[in-house]
Amino acid sequence: MNNPISERVRKVKPSATIAISSKAMEMRSAGINVISMSAGEPDFDTPQHIKDAAKAAMDNGMTKYTQVDGTPELKEAIIKKFSDDNDLSYQPENILVSTGAKQTLYNLFQAILGDGDEVIIISPYWVSYPDMVLLADAKPVFVDTFQENNFSLDLNAFSNAINEKTKLVIINSPSNPTGITFTRSDYESIGAVLDNYPNAYVATDDMYEYIYWGEEPFVSFAQACPALFDRTITINGVSKSYAMTGWRIGYCGGPADVIGAMKKVQSQSTSNPSSISQAATVAALNGSKDEVFSMVEQYKIRHDYLCSALNAIEGFKTSPGTGAFYLFPDVKNVIENKGFTDDMELSEYLIESANVAVVPGSAFGSKGYIRLSYATSLENIKEAVERISKSLS
């Protein structure tokens, strides 16, 4: 059979972060001591009270199908979270629970995008945004940001990118991969541009909301731009903040018609998320955040050490972040001075020669950068920096 793979799938590429993390695991299985700074996965365990809630759910027989869009108990917890933390008011019909925020985004793209639609993506971006847009037959439009401006958004570039074909704008804050967080003022400026395009929706990926240490309080887009509340889909989840990556729960709040369409997509793909994971998420959202804040304290310590240590390596230029658990150094001088072809070849060299796994910046739309995750122990971070420095000296 000739070309059995659809054109839709042939347009996209596999996730670079998953590919590199898989290679690191393969090398470890072969007995090689690889330090992985590629995966966006907390090294902390899920807090005990959350695991206890999951055990109780199993003991109480909560092992069946649930409502496609999430249990009433979890929806109630999500509504309370949005109200308490973000001053956003939703009803159950405005909430969708999915198998991870990645599925939430995929549902959204499939629900509202189609041929001829354009989606504005701020670069550097999370690796999956463009390909999920392509799978919805829409066109990604990139607005670049740069380290010399601390990855701040150029409003002129944003204004030039948006037009009548723009169906969606994606905003991720704190950012994967840069760690930069949008402020209320940033959002108000973006909102002023969007006021002129009433058919454009906004998707805000707030996955790292709690992993934040900026001077200003964290603010979500719909909170900063209430006039655009009915055009905003606010996306979040428990994977990163609560160290629950394997539990696979994401959620969002948005306009009832959009949420209904997303529910329809989900009903014909995965149906409901895990009943046990939903029960655990109720405990996470309703319970104490003390352990979350303890994790964040450790992330900040690691961030400060790694940022300084990377800048001490010749050819690295690293901007500090205010959230998430990534740094995104500019390594163009390393590439040029050491004779590498690009950031892909440098990343391959580091995993083969230094046994340190990083992700090339090209995967995030920024050539000449690499992403390092500090969601690993400080001991590992120090060893990784030493290995990188030695391998390049």
# chains A, B, ... in the order shown; residues from 1 in each chain; ligands from 1
>>> closest_atom_pairs(of="stretch 192-255 of chain A", to="stretch 86-109 of chain A", cutoff="10 Å", atoms="only C-alpha atoms", output="tab-separated table")
residue	atom	partner	partner_atom	distance
A:Ala203	CA	A:Leu105	CA	8.3
A:Thr204	CA	A:Leu105	CA	9.8
A:Asp205	CA	A:Ala101	CA	8.3
A:Asp206	CA	A:Ala101	CA	9.7
A:Met207	CA	A:Ala101	CA	7.8
A:Phe218	CA	A:Asn86	CA	8.8
A:Val219	CA	A:Asn86	CA	6.9
A:Ser220	CA	A:Asn86	CA	6.5
A:Phe221	CA	A:Asn86	CA	9.4
A:Ala222	CA	A:Leu88	CA	7.5
A:Gln223	CA	A:Asn86	CA	6.2
A:Ala224	CA	A:Asn86	CA	9.4
A:Pro226	CA	A:Leu88	CA	8.9
A:Phe229	CA	A:Leu88	CA	8.5
A:Ile233	CA	A:Leu108	CA	8.7
A:Thr234	CA	A:Leu88	CA	9.6
A:Ile235	CA	A:Ala101	CA	6.9
A:Asn236	CA	A:Ala101	CA	6.4
A:Gly237	CA	A:Ala101	CA	5.9
A:Val238	CA	A:Gly100	CA	8.4
A:Ser239	CA	A:Gly100	CA	7.6
A:Thr245	CA	A:Gly100	CA	8.3
A:Gly246	CA	A:Gly100	CA	9.2
A:Trp247	CA	A:Gly100	CA	8.1
A:Arg248	CA	A:Gly100	CA	4.4
A:Ile249	CA	A:Gly100	CA	4.2
A:Gly250	CA	A:Gly100	CA	4.0
A:Tyr251	CA	A:Val97	CA	4.3
A:Cys252	CA	A:Leu96	CA	5.6
A:Gly253	CA	A:Ile95	CA	4.7
A:Gly254	CA	A:Asn94	CA	5.3
A:Pro255	CA	A:Asn94	CA	5.9
>>> residues_around(residues="A:Glu297", least_positions_apart="6", cutoff="10 Å", atoms="only C-alpha atoms", output="ChimeraX atom specification")
/A:211-213,291,303
>>> write_last_selection(atoms="N, CA, C and O atoms", output="short mmCIF file (atom, residue, chain, number, x, y, z; two decimals), in the first residue's frame")
data_model
loop_
_atom_site.label_atom_id
_atom_site.label_comp_id
_atom_site.auth_asym_id
_atom_site.auth_seq_id
_atom_site.Cartn_x
_atom_site.Cartn_y
_atom_site.Cartn_z
N ILE A 211 3.87 27.57 40.52
CA ILE A 211 5.34 27.54 40.52
C ILE A 211 5.82 28.90 40.03
O ILE A 211 6.20 29.08 38.87
N TYR A 212 5.77 29.87 40.92
CA TYR A 212 5.96 31.26 40.55
C TYR A 212 6.54 32.03 41.72
O TYR A 212 6.16 31.80 42.88
N TRP A 213 7.49 32.94 41.46
CA TRP A 213 8.10 33.75 42.51
C TRP A 213 8.36 35.18 42.04
O TRP A 213 9.28 35.86 42.51
N GLU A 291 2.73 21.65 50.90
CA GLU A 291 3.76 20.88 50.21
C GLU A 291 4.07 21.46 48.84
O GLU A 291 5.21 21.40 48.38
N HIS A 303 16.78 27.16 40.71
CA HIS A 303 16.80 28.17 39.65
C HIS A 303 17.96 29.13 39.85
O HIS A 303 18.74 29.41 38.92
#
>>> closest_residue(among="A:Ile121, A:Ala363, A:Leu74, A:Ile5", to="A:Gln278", atoms="only C-alpha atoms")
A:Leu74
>>> residues_around(residues="A:Tyr305", least_positions_apart="5", cutoff="10 Å", atoms="only C-alpha atoms", output="number ranges by chain")
A: 299-300, 310, 374, 378, 381-382
>>> residues_around(residues="stretch 46-62 of chain A", least_positions_apart="4", cutoff="10 Å", atoms="only C-alpha atoms", output="NGL selection string")
:A and (42 or 66 or 239 or 241-247 or 274-285 or 287-292)
>>> decode(residues="stretch 193-208 of chain A", atoms="all heavy atoms", output="CSV table (one decimal), in the first residue's frame")
chain,number,residue,atom,x,y,z
A,193,VAL,N,-5.4,45.1,22.0
A,193,VAL,CA,-5.3,44.7,20.6
A,193,VAL,C,-6.4,43.8,20.2
A,193,VAL,O,-7.1,43.9,19.2
A,193,VAL,CB,-3.9,44.0,20.3
A,193,VAL,CG1,-3.9,43.5,18.9
A,193,VAL,CG2,-2.8,45.0,20.6
A,194,LEU,N,-6.7,42.8,21.1
A,194,LEU,CA,-7.8,41.8,20.8
A,194,LEU,C,-9.2,42.5,20.8
A,194,LEU,O,-10.1,41.9,20.2
A,194,LEU,CB,-7.7,40.7,21.9
A,194,LEU,CG,-6.6,39.7,21.7
A,194,LEU,CD1,-6.4,38.9,22.9
A,194,LEU,CD2,-6.8,38.9,20.5
A,195,ASP,N,-9.3,43.6,21.5
A,195,ASP,CA,-10.6,44.3,21.4
A,195,ASP,C,-11.1,44.6,20.0
A,195,ASP,O,-12.3,44.7,19.7
A,195,ASP,CB,-10.5,45.6,22.2
A,195,ASP,CG,-10.6,45.4,23.7
A,195,ASP,OD1,-11.1,44.4,24.1
A,195,ASP,OD2,-10.1,46.3,24.4
A,196,ASN,N,-10.1,44.7,19.1
A,196,ASN,CA,-10.4,45.0,17.7
A,196,ASN,C,-10.7,43.8,16.9
A,196,ASN,O,-11.0,43.9,15.7
A,196,ASN,CB,-9.3,45.8,17.1
A,196,ASN,CG,-9.0,47.1,17.8
A,196,ASN,OD1,-9.9,47.9,18.1
A,196,ASN,ND2,-7.7,47.4,18.1
A,197,TYR,N,-10.6,42.6,17.5
A,197,TYR,CA,-10.8,41.4,16.7
A,197,TYR,C,-11.8,40.5,17.5
A,197,TYR,O,-11.4,39.6,18.2
A,197,TYR,CB,-9.5,40.7,16.5
A,197,TYR,CG,-8.6,41.5,15.6
A,197,TYR,CD1,-7.7,42.4,16.2
A,197,TYR,CD2,-8.6,41.4,14.2
A,197,TYR,CE1,-6.8,43.2,15.4
A,197,TYR,CE2,-7.8,42.2,13.4
A,197,TYR,CZ,-6.9,43.1,14.0
A,197,TYR,OH,-6.1,43.8,13.2
A,198,PRO,N,-13.1,40.8,17.4
A,198,PRO,CA,-14.1,40.1,18.2
A,198,PRO,C,-14.3,38.6,17.9
A,198,PRO,O,-14.9,38.0,18.7
A,198,PRO,CB,-15.4,40.9,17.9
A,198,PRO,CG,-15.2,41.5,16.5
A,198,PRO,CD,-13.7,41.8,16.5
A,199,ASN,N,-13.7,38.1,16.9
A,199,ASN,CA,-13.9,36.7,16.6
A,199,ASN,C,-12.7,35.9,17.0
A,199,ASN,O,-12.7,34.6,16.8
A,199,ASN,CB,-14.1,36.5,15.0
A,199,ASN,CG,-15.4,37.1,14.6
A,199,ASN,OD1,-16.4,37.0,15.2
A,199,ASN,ND2,-15.4,37.7,13.4
A,200,ALA,N,-11.7,36.5,17.7
A,200,ALA,CA,-10.6,35.8,18.1
A,200,ALA,C,-10.7,35.3,19.6
A,200,ALA,O,-11.1,36.2,20.4
A,200,ALA,CB,-9.3,36.7,18.0
A,201,TYR,N,-10.4,34.1,19.8
A,201,TYR,CA,-10.5,33.5,21.2
A,201,TYR,C,-9.1,33.6,21.8
A,201,TYR,O,-8.1,33.7,21.0
A,201,TYR,CB,-11.0,32.1,21.2
A,201,TYR,CG,-12.5,31.9,21.0
A,201,TYR,CD1,-13.0,31.8,19.7
A,201,TYR,CD2,-13.3,31.9,22.0
A,201,TYR,CE1,-14.3,31.7,19.5
A,201,TYR,CE2,-14.7,31.8,21.8
A,201,TYR,CZ,-15.2,31.6,20.5
A,201,TYR,OH,-16.5,31.5,20.3
A,202,VAL,N,-9.0,33.4,23.1
A,202,VAL,CA,-7.7,33.3,23.8
A,202,VAL,C,-7.6,32.1,24.6
A,202,VAL,O,-8.6,31.8,25.3
A,202,VAL,CB,-7.5,34.6,24.7
A,202,VAL,CG1,-6.1,34.5,25.4
A,202,VAL,CG2,-7.6,35.9,23.9
A,203,ALA,N,-6.6,31.3,24.4
A,203,ALA,CA,-6.3,30.1,25.3
A,203,ALA,C,-5.1,30.4,26.2
A,203,ALA,O,-4.1,30.7,25.7
A,203,ALA,CB,-6.1,28.9,24.4
A,204,THR,N,-5.4,30.4,27.5
A,204,THR,CA,-4.2,30.6,28.4
A,204,THR,C,-3.9,29.3,29.1
A,204,THR,O,-4.7,28.7,29.7
A,204,THR,CB,-4.6,31.7,29.4
A,204,THR,OG1,-5.6,31.2,30.3
A,204,THR,CG2,-5.1,33.0,28.8
A,205,ASP,N,-2.6,29.0,28.9
A,205,ASP,CA,-2.1,27.8,29.5
A,205,ASP,C,-1.4,28.2,30.8
A,205,ASP,O,-0.2,28.7,30.8
A,205,ASP,CB,-1.1,27.1,28.5
A,205,ASP,CG,-0.5,25.8,29.1
A,205,ASP,OD1,-0.6,25.5,30.3
A,205,ASP,OD2,0.2,25.1,28.3
A,206,ASP,N,-2.1,28.0,31.9
A,206,ASP,CA,-1.6,28.4,33.3
A,206,ASP,C,-1.1,27.3,34.1
A,206,ASP,O,-1.1,27.3,35.3
A,206,ASP,CB,-2.8,29.1,34.0
A,206,ASP,CG,-3.2,30.4,33.4
A,206,ASP,OD1,-2.6,30.9,32.5
A,206,ASP,OD2,-4.3,30.9,33.9
A,207,MET,N,-0.6,26.3,33.4
A,207,MET,CA,-0.2,25.0,34.1
A,207,MET,C,0.8,25.3,35.3
A,207,MET,O,0.8,24.6,36.3
A,207,MET,CB,0.4,24.1,33.1
A,207,MET,CG,0.9,22.8,33.7
A,207,MET,SD,-0.3,21.8,34.5
A,207,MET,CE,-1.4,21.3,33.2
A,208,TYR,N,1.7,26.3,35.1
A,208,TYR,CA,2.7,26.5,36.1
A,208,TYR,C,2.3,27.7,37.1
A,208,TYR,O,3.2,28.3,37.7
A,208,TYR,CB,4.0,26.8,35.5
A,208,TYR,CG,4.6,25.7,34.6
A,208,TYR,CD1,4.2,25.6,33.3
A,208,TYR,CD2,5.3,24.7,35.2
A,208,TYR,CE1,4.7,24.5,32.5
A,208,TYR,CE2,5.8,23.6,34.4
A,208,TYR,CZ,5.5,23.6,33.1
A,208,TYR,OH,5.9,22.5,32.3
